[in-house]
>>> print(open('structure33.cif').read())   # mmCIF, C-alpha atoms and all ligand atoms
data_structure
loop_
_atom_site.label_atom_id
_atom_site.label_comp_id
_atom_site.auth_asym_id
_atom_site.auth_seq_id
_atom_site.Cartn_x
_atom_site.Cartn_y
_atom_site.Cartn_z
CA MET A 1 2.59 33.71 18.82
CA LYS A 2 5.92 32.57 17.54
CA SER A 3 7.82 34.07 14.63
CA TYR A 4 10.56 32.77 12.41
CA ILE A 5 12.73 34.56 9.91
CA THR A 6 13.81 32.59 6.87
CA ASN A 7 16.48 33.72 4.43
CA ASN A 8 15.68 31.52 1.45
CA SER A 9 12.96 29.23 0.15
CA LYS A 10 14.76 26.09 1.39
CA GLN A 11 14.52 27.36 4.95
CA THR A 12 10.83 28.07 4.52
CA GLN A 13 10.31 24.54 3.21
CA LYS A 14 12.27 23.13 6.14
CA LEU A 15 10.07 25.03 8.56
CA GLY A 16 7.00 23.52 6.89
CA GLU A 17 8.56 20.09 7.10
CA MET A 18 9.31 20.57 10.77
CA LEU A 19 5.84 21.85 11.59
CA ALA A 20 4.24 18.79 9.99
CA ARG A 21 4.92 17.06 13.30
CA GLU A 22 2.45 19.36 15.01
CA ILE A 23 -0.38 18.60 12.60
CA LYS A 24 -3.02 16.08 13.53
CA GLY A 25 -5.92 14.67 11.54
CA GLY A 26 -8.95 16.93 11.37
CA GLN A 27 -6.94 20.13 11.45
CA VAL A 28 -7.20 23.07 9.11
CA VAL A 29 -3.96 24.95 8.49
CA CYS A 30 -4.62 28.49 7.31
CA LEU A 31 -1.97 30.45 5.46
CA SER A 32 -2.21 34.18 4.91
CA GLY A 33 0.08 36.72 3.29
CA GLU A 34 0.63 38.56 0.04
CA LEU A 35 1.46 37.01 -3.31
CA GLY A 36 5.05 35.76 -3.22
CA ALA A 37 5.22 35.72 0.56
CA GLY A 38 5.98 31.99 0.64
CA LYS A 39 2.71 30.17 1.28
CA THR A 40 3.12 27.65 -1.53
CA THR A 41 6.81 27.17 -0.75
CA PHE A 42 5.94 26.43 2.87
CA THR A 43 3.17 24.05 1.81
CA GLN A 44 5.66 22.02 -0.23
CA GLY A 45 7.67 21.44 2.94
CA LEU A 46 4.56 20.67 4.95
CA LEU A 47 3.46 18.06 2.39
CA LYS A 48 6.90 16.50 2.48
CA GLY A 49 6.82 16.42 6.28
CA LEU A 50 3.37 14.81 6.18
CA LYS A 51 4.93 12.10 4.02
CA VAL A 52 2.89 12.77 0.94
CA LYS A 53 4.27 11.63 -2.35
CA GLY A 54 5.11 14.47 -4.75
CA PRO A 55 5.15 16.21 -7.11
CA TYR A 56 3.51 19.02 -5.18
CA THR A 57 2.12 21.24 -7.85
CA SER A 58 0.44 24.47 -6.98
CA PRO A 59 -3.35 24.23 -7.00
CA THR A 60 -3.77 27.77 -8.27
CA PHE A 61 -5.62 26.59 -11.35
CA LEU A 62 -7.31 23.74 -9.56
CA VAL A 63 -8.62 25.48 -6.42
CA MET A 64 -8.12 22.26 -4.53
CA LYS A 65 -5.74 19.40 -4.85
CA GLN A 66 -6.11 16.18 -2.88
CA TYR A 67 -3.12 14.10 -1.84
CA LYS A 68 -3.47 10.58 -0.53
CA LYS A 69 -1.14 9.72 2.24
CA GLU A 70 0.81 6.54 1.78
CA ILE A 71 -0.44 4.11 4.39
CA SER A 72 2.64 2.93 6.22
CA ASN A 73 3.07 -0.72 7.02
CA SER A 74 1.61 -1.11 10.49
CA LYS A 75 3.82 -4.14 11.17
CA SER A 76 6.89 -1.99 10.86
CA GLN A 77 8.93 -2.00 14.04
CA ILE A 78 10.80 1.11 13.12
CA PRO A 79 9.31 4.12 14.85
CA ASN A 80 8.78 7.08 12.64
CA LYS A 81 9.86 10.03 14.73
CA SER A 82 8.69 12.58 12.27
CA GLN A 83 5.07 11.57 12.67
CA ASN A 84 2.64 11.75 15.49
CA PRO A 85 1.90 8.09 16.28
CA LYS A 86 -1.71 8.94 17.10
CA SER A 87 -2.26 10.62 13.80
CA LYS A 88 -4.54 8.92 11.33
CA ILE A 89 -4.12 11.33 8.50
CA GLN A 90 -5.22 9.83 5.19
CA ASN A 91 -5.93 12.75 2.91
CA ILE A 92 -4.32 16.11 2.63
CA TYR A 93 -6.14 18.85 0.76
CA HIS A 94 -4.27 21.86 -0.53
CA VAL A 95 -6.66 24.69 -1.28
CA ASP A 96 -5.88 28.01 -2.94
CA ALA A 97 -8.62 30.54 -2.30
CA TYR A 98 -6.97 33.35 -4.25
CA ARG A 99 -9.39 33.41 -7.16
CA VAL A 100 -12.49 32.00 -5.59
CA ASP A 101 -15.12 32.93 -3.09
CA THR A 102 -16.67 31.20 -0.15
CA LYS A 103 -19.41 29.56 -2.19
CA ASP A 104 -16.90 27.95 -4.56
CA ILE A 105 -15.14 26.38 -1.61
CA LEU A 106 -18.40 25.18 -0.04
CA ASP A 107 -19.31 23.57 -3.37
CA LEU A 108 -16.24 21.36 -3.16
CA GLY A 109 -17.82 19.52 -0.25
CA TRP A 110 -16.03 21.68 2.32
CA GLU A 111 -18.20 20.82 5.33
CA GLU A 112 -17.66 17.11 4.88
CA ILE A 113 -13.94 17.51 4.25
CA ILE A 114 -13.29 19.56 7.38
CA MET A 115 -15.39 17.27 9.58
CA ASP A 116 -13.33 14.22 8.76
CA LYS A 117 -10.59 13.50 11.29
CA ASN A 118 -8.66 11.64 8.60
CA ASN A 119 -8.17 14.84 6.66
CA VAL A 120 -5.76 17.72 6.92
CA ILE A 121 -6.61 20.87 5.00
CA ILE A 122 -3.95 23.41 4.06
CA ILE A 123 -5.44 26.58 2.71
CA GLU A 124 -3.70 29.52 1.06
CA TRP A 125 -5.46 32.89 1.26
CA ALA A 126 -7.60 31.50 4.07
CA ASP A 127 -8.37 35.05 5.22
CA ARG A 128 -10.45 35.49 2.05
CA ILE A 129 -12.89 32.83 3.18
CA SER A 130 -12.59 33.43 6.91
CA GLY A 131 -16.35 32.97 7.37
CA ILE A 132 -16.10 29.21 6.81
CA ILE A 133 -12.83 28.55 8.64
CA PRO A 134 -13.31 26.54 11.86
CA LYS A 135 -12.50 28.44 15.05
CA ASP A 136 -9.79 26.07 16.23
CA SER A 137 -7.76 26.25 13.01
CA LEU A 138 -4.02 26.86 12.97
CA TRP A 139 -3.05 30.15 11.40
CA ILE A 140 0.30 30.98 9.83
CA SER A 141 1.03 34.40 8.40
CA PHE A 142 3.73 35.18 5.87
CA GLU A 143 5.39 38.55 5.47
CA TRP A 144 7.70 39.64 2.71
CA ILE A 145 10.67 41.44 4.32
CA ASP A 146 12.98 41.61 1.33
CA GLU A 147 13.76 39.55 -1.74
CA ASN A 148 14.96 36.54 0.24
CA GLU A 149 13.75 37.22 3.72
CA ARG A 150 10.35 36.26 5.07
CA LYS A 151 8.77 36.49 8.48
CA ILE A 152 6.55 33.56 9.34
CA THR A 153 4.31 33.83 12.38
CA LEU A 154 2.39 30.99 14.00
CA SER A 155 -0.81 31.65 15.90
CA SER A 156 -0.88 30.71 19.56
CA LYS A 157 -2.96 27.60 18.69
CA PHE A 158 0.34 26.02 17.71
CA LYS A 159 1.85 24.21 20.62
CA ILE A 160 5.40 23.63 19.50
CA LYS A 161 7.13 20.70 21.10
CA ASN A 162 10.85 21.34 21.27
P1 LIG B 1 2.84 32.50 -2.27
O1 LIG B 1 2.28 31.11 -2.37
O2 LIG B 1 2.70 33.09 -0.90
O3 LIG B 1 2.26 33.41 -3.33
P2 LIG B 1 5.28 31.32 -3.23
O4 LIG B 1 5.74 30.34 -2.23
O5 LIG B 1 4.58 30.81 -4.44
O6 LIG B 1 4.40 32.46 -2.52
O7 LIG B 1 6.49 32.19 -3.76
C1 LIG B 1 7.52 32.66 -2.98
C2 LIG B 1 8.62 33.15 -3.89
O8 LIG B 1 9.62 33.83 -3.13
C3 LIG B 1 9.30 32.01 -4.59
O9 LIG B 1 9.67 32.43 -5.88
C4 LIG B 1 10.54 31.77 -3.73
O10 LIG B 1 11.62 31.23 -4.45
C5 LIG B 1 10.87 33.18 -3.28
N1 LIG B 1 11.55 33.26 -1.98
C6 LIG B 1 12.67 33.96 -1.72
N2 LIG B 1 13.03 33.89 -0.44
C7 LIG B 1 12.09 33.10 0.16
C8 LIG B 1 11.91 32.67 1.50
N3 LIG B 1 12.73 33.01 2.51
N4 LIG B 1 10.84 31.88 1.76
C9 LIG B 1 9.98 31.54 0.76
N5 LIG B 1 10.11 31.92 -0.52
C10 LIG B 1 11.15 32.70 -0.83
MG MG B 2 0.67 30.35 -3.52
#
>>> encode(input="structure33.cif", output="structure tokens")
Amino acid sequence: MKSYITNNSKQTQKLGEMLAREIKGGQVVCLSGELGAGKTTFTQGLLKGLKVKGPYTSPTFLVMKQYKKEISNSKSQIPNKSQNPKSKIQNIYHVDAYRVDTKDILDLGWEEIIMDKNNVIIIEWADRISGIIPKDSLWISFEWIDENERKITLSSKFKIKN
């Protein structure tokens, strides 16, 4: 387990952007924490770090939003340090399970989505649908400390490369 304290939303976004490097295709990133704890803010940074084109609107009224990753020019000689070269991420799904139940998520084609190694799934309120979350998922918990301070804890599945 590794924890970070952030003192404003920019820092939380930056953390998400930084952690994008650790995400590979086929992974499910589970975010837990109360309303206002910073899950969506963090996701915005994560999407930026995964090189997804914005705008990153919250899926609260959509349940799930799909982002297509821009396919980078493979002939490019410039290495992209921010990305895992082995990654073949093509789609990023941002799910908000706040208002829904497990069946609603399954109805979206969940099993197929999580099986595909080209997909990354980021899911807010993942603890509400824990029964359908794969065992090897990455968990990140968000705690409200005070108005501008948040504690963000990564599960031990995260292997941070420094
Ligand atoms: P959630 O998705 O967990 O409900 P949001 O990311 O939507 O939370 O909202 C977090 C709110 O808290 C935003 O209004 C944001 O500006 C504010 N905030 C203040 N400090 C922080 C911080 N350190 N990290 C993230 N958000 C913060
Ligand atoms: Mg949210």
>>> atom_distance(input="structure33.cif", atom1="CA of Gly25 in chain A", atom2="CA of Arg99 in chain A")
26.7 Å
>>> closest_residue(input="structure33.cif", among="A:Glu34, A:Asp104, A:Glu70, A:Glu112", to="Ser141 in chain A", atoms="all atoms listed in the file")
A:Glu34
>>> closest_residue(input="structure33.cif", among="A:Ala126, A:Ala37, A:Val100, A:Met1", to="ligand LIG 1 (chain B)", atoms="only C-alpha atoms and all ligand atoms")
A:Ala37
>>> closest_residue(input="structure33.cif", among="A:Ser156, A:Ser130, A:Thr40, A:Gln13", to="ligand MG 2 (chain B)", atoms="all atoms listed in the file")
A:Thr40
>>> residues_near_ligand(input="structure33.cif", ligand="ligand LIG 1 (chain B)", cutoff="10 Å", atoms="only C-alpha atoms and all ligand atoms", output="NGL selection string")
:A and (5-15 or 31-44 or 58 or 60 or 96 or 98 or 124-125 or 141-152)
>>> write_last_selection(input="structure33.cif", atoms="C-alpha atoms", output="short mmCIF file (atom, residue, chain, number, x, y, z; two decimals), in the frame of the given file")
data_model
loop_
_atom_site.label_atom_id
_atom_site.label_comp_id
_atom_site.auth_asym_id
_atom_site.auth_seq_id
_atom_site.Cartn_x
_atom_site.Cartn_y
_atom_site.Cartn_z
CA ILE A 5 12.73 34.56 9.91
CA THR A 6 13.81 32.59 6.87
CA ASN A 7 16.48 33.72 4.43
CA ASN A 8 15.68 31.52 1.45
CA SER A 9 12.96 29.23 0.15
CA LYS A 10 14.76 26.09 1.39
CA GLN A 11 14.52 27.36 4.95
CA THR A 12 10.83 28.07 4.52
CA GLN A 13 10.31 24.54 3.21
CA LYS A 14 12.27 23.13 6.14
CA LEU A 15 10.07 25.03 8.56
CA LEU A 31 -1.97 30.45 5.46
CA SER A 32 -2.21 34.18 4.91
CA GLY A 33 0.08 36.72 3.29
CA GLU A 34 0.63 38.56 0.04
CA LEU A 35 1.46 37.01 -3.31
CA GLY A 36 5.05 35.76 -3.22
CA ALA A 37 5.22 35.72 0.56
CA GLY A 38 5.98 31.99 0.64
CA LYS A 39 2.71 30.17 1.28
CA THR A 40 3.12 27.65 -1.53
CA THR A 41 6.81 27.17 -0.75
CA PHE A 42 5.94 26.43 2.87
CA THR A 43 3.17 24.05 1.81
CA GLN A 44 5.66 22.02 -0.23
CA SER A 58 0.44 24.47 -6.98
CA THR A 60 -3.77 27.77 -8.27
CA ASP A 96 -5.88 28.01 -2.94
CA TYR A 98 -6.97 33.35 -4.25
CA GLU A 124 -3.70 29.52 1.06
CA TRP A 125 -5.46 32.89 1.26
CA SER A 141 1.03 34.40 8.40
CA PHE A 142 3.73 35.18 5.87
CA GLU A 143 5.39 38.55 5.47
CA TRP A 144 7.70 39.64 2.71
CA ILE A 145 10.67 41.44 4.32
CA ASP A 146 12.98 41.61 1.33
CA GLU A 147 13.76 39.55 -1.74
CA ASN A 148 14.96 36.54 0.24
CA GLU A 149 13.75 37.22 3.72
CA ARG A 150 10.35 36.26 5.07
CA LYS A 151 8.77 36.49 8.48
CA ILE A 152 6.55 33.56 9.34
#
>>> residues_near_point(input="structure33.cif", point="(0.9, 18.4, 11.6)", cutoff="12 Å", atoms="all atoms listed in the file", output="tab-separated table (two decimals) with C-alpha atoms, in the frame of the given file")
chain	number	residue	atom	x	y	z
A	15	LEU	CA	10.07	25.03	8.56
A	16	GLY	CA	7.00	23.52	6.89
A	17	GLU	CA	8.56	20.09	7.10
A	18	MET	CA	9.31	20.57	10.77
A	19	LEU	CA	5.84	21.85	11.59
A	20	ALA	CA	4.24	18.79	9.99
A	21	ARG	CA	4.92	17.06	13.30
A	22	GLU	CA	2.45	19.36	15.01
A	23	ILE	CA	-0.38	18.60	12.60
A	24	LYS	CA	-3.02	16.08	13.53
A	25	GLY	CA	-5.92	14.67	11.54
A	26	GLY	CA	-8.95	16.93	11.37
A	27	GLN	CA	-6.94	20.13	11.45
A	28	VAL	CA	-7.20	23.07	9.11
A	29	VAL	CA	-3.96	24.95	8.49
A	43	THR	CA	3.17	24.05	1.81
A	45	GLY	CA	7.67	21.44	2.94
A	46	LEU	CA	4.56	20.67	4.95
A	47	LEU	CA	3.46	18.06	2.39
A	48	LYS	CA	6.90	16.50	2.48
A	49	GLY	CA	6.82	16.42	6.28
A	50	LEU	CA	3.37	14.81	6.18
A	51	LYS	CA	4.93	12.10	4.02
A	82	SER	CA	8.69	12.58	12.27
A	83	GLN	CA	5.07	11.57	12.67
A	84	ASN	CA	2.64	11.75	15.49
A	85	PRO	CA	1.90	8.09	16.28
A	86	LYS	CA	-1.71	8.94	17.10
A	87	SER	CA	-2.26	10.62	13.80
A	88	LYS	CA	-4.54	8.92	11.33
A	89	ILE	CA	-4.12	11.33	8.50
A	92	ILE	CA	-4.32	16.11	2.63
A	119	ASN	CA	-8.17	14.84	6.66
A	120	VAL	CA	-5.76	17.72	6.92
A	121	ILE	CA	-6.61	20.87	5.00
A	122	ILE	CA	-3.95	23.41	4.06
A	137	SER	CA	-7.76	26.25	13.01
A	138	LEU	CA	-4.02	26.86	12.97
A	158	PHE	CA	0.34	26.02	17.71
A	159	LYS	CA	1.85	24.21	20.62
A	160	ILE	CA	5.40	23.63	19.50
A	161	LYS	CA	7.13	20.70	21.10
>>> axis_aligned_box(input="structure33.cif", around="range 142-156 of chain A", padding_each_side="8 Å", output="JSON")
{"center_x": 7.0, "center_y": 36.2, "center_z": 8.9, "size_x": 31.8, "size_y": 26.9, "size_z": 37.3}
>>> closest_residue(input="structure33.cif", among="A:Leu62, A:Ile133, A:Ile123, A:Ile140", to="His94 in chain A", atoms="only C-alpha atoms")
A:Ile123
>>> closest_residue(input="structure33.cif", among="A:Thr102, A:Gln66, A:Thr57, A:Ser155", to="ligand MG 2 (chain B)", atoms="only C-alpha atoms and all ligand atoms")
A:Thr57
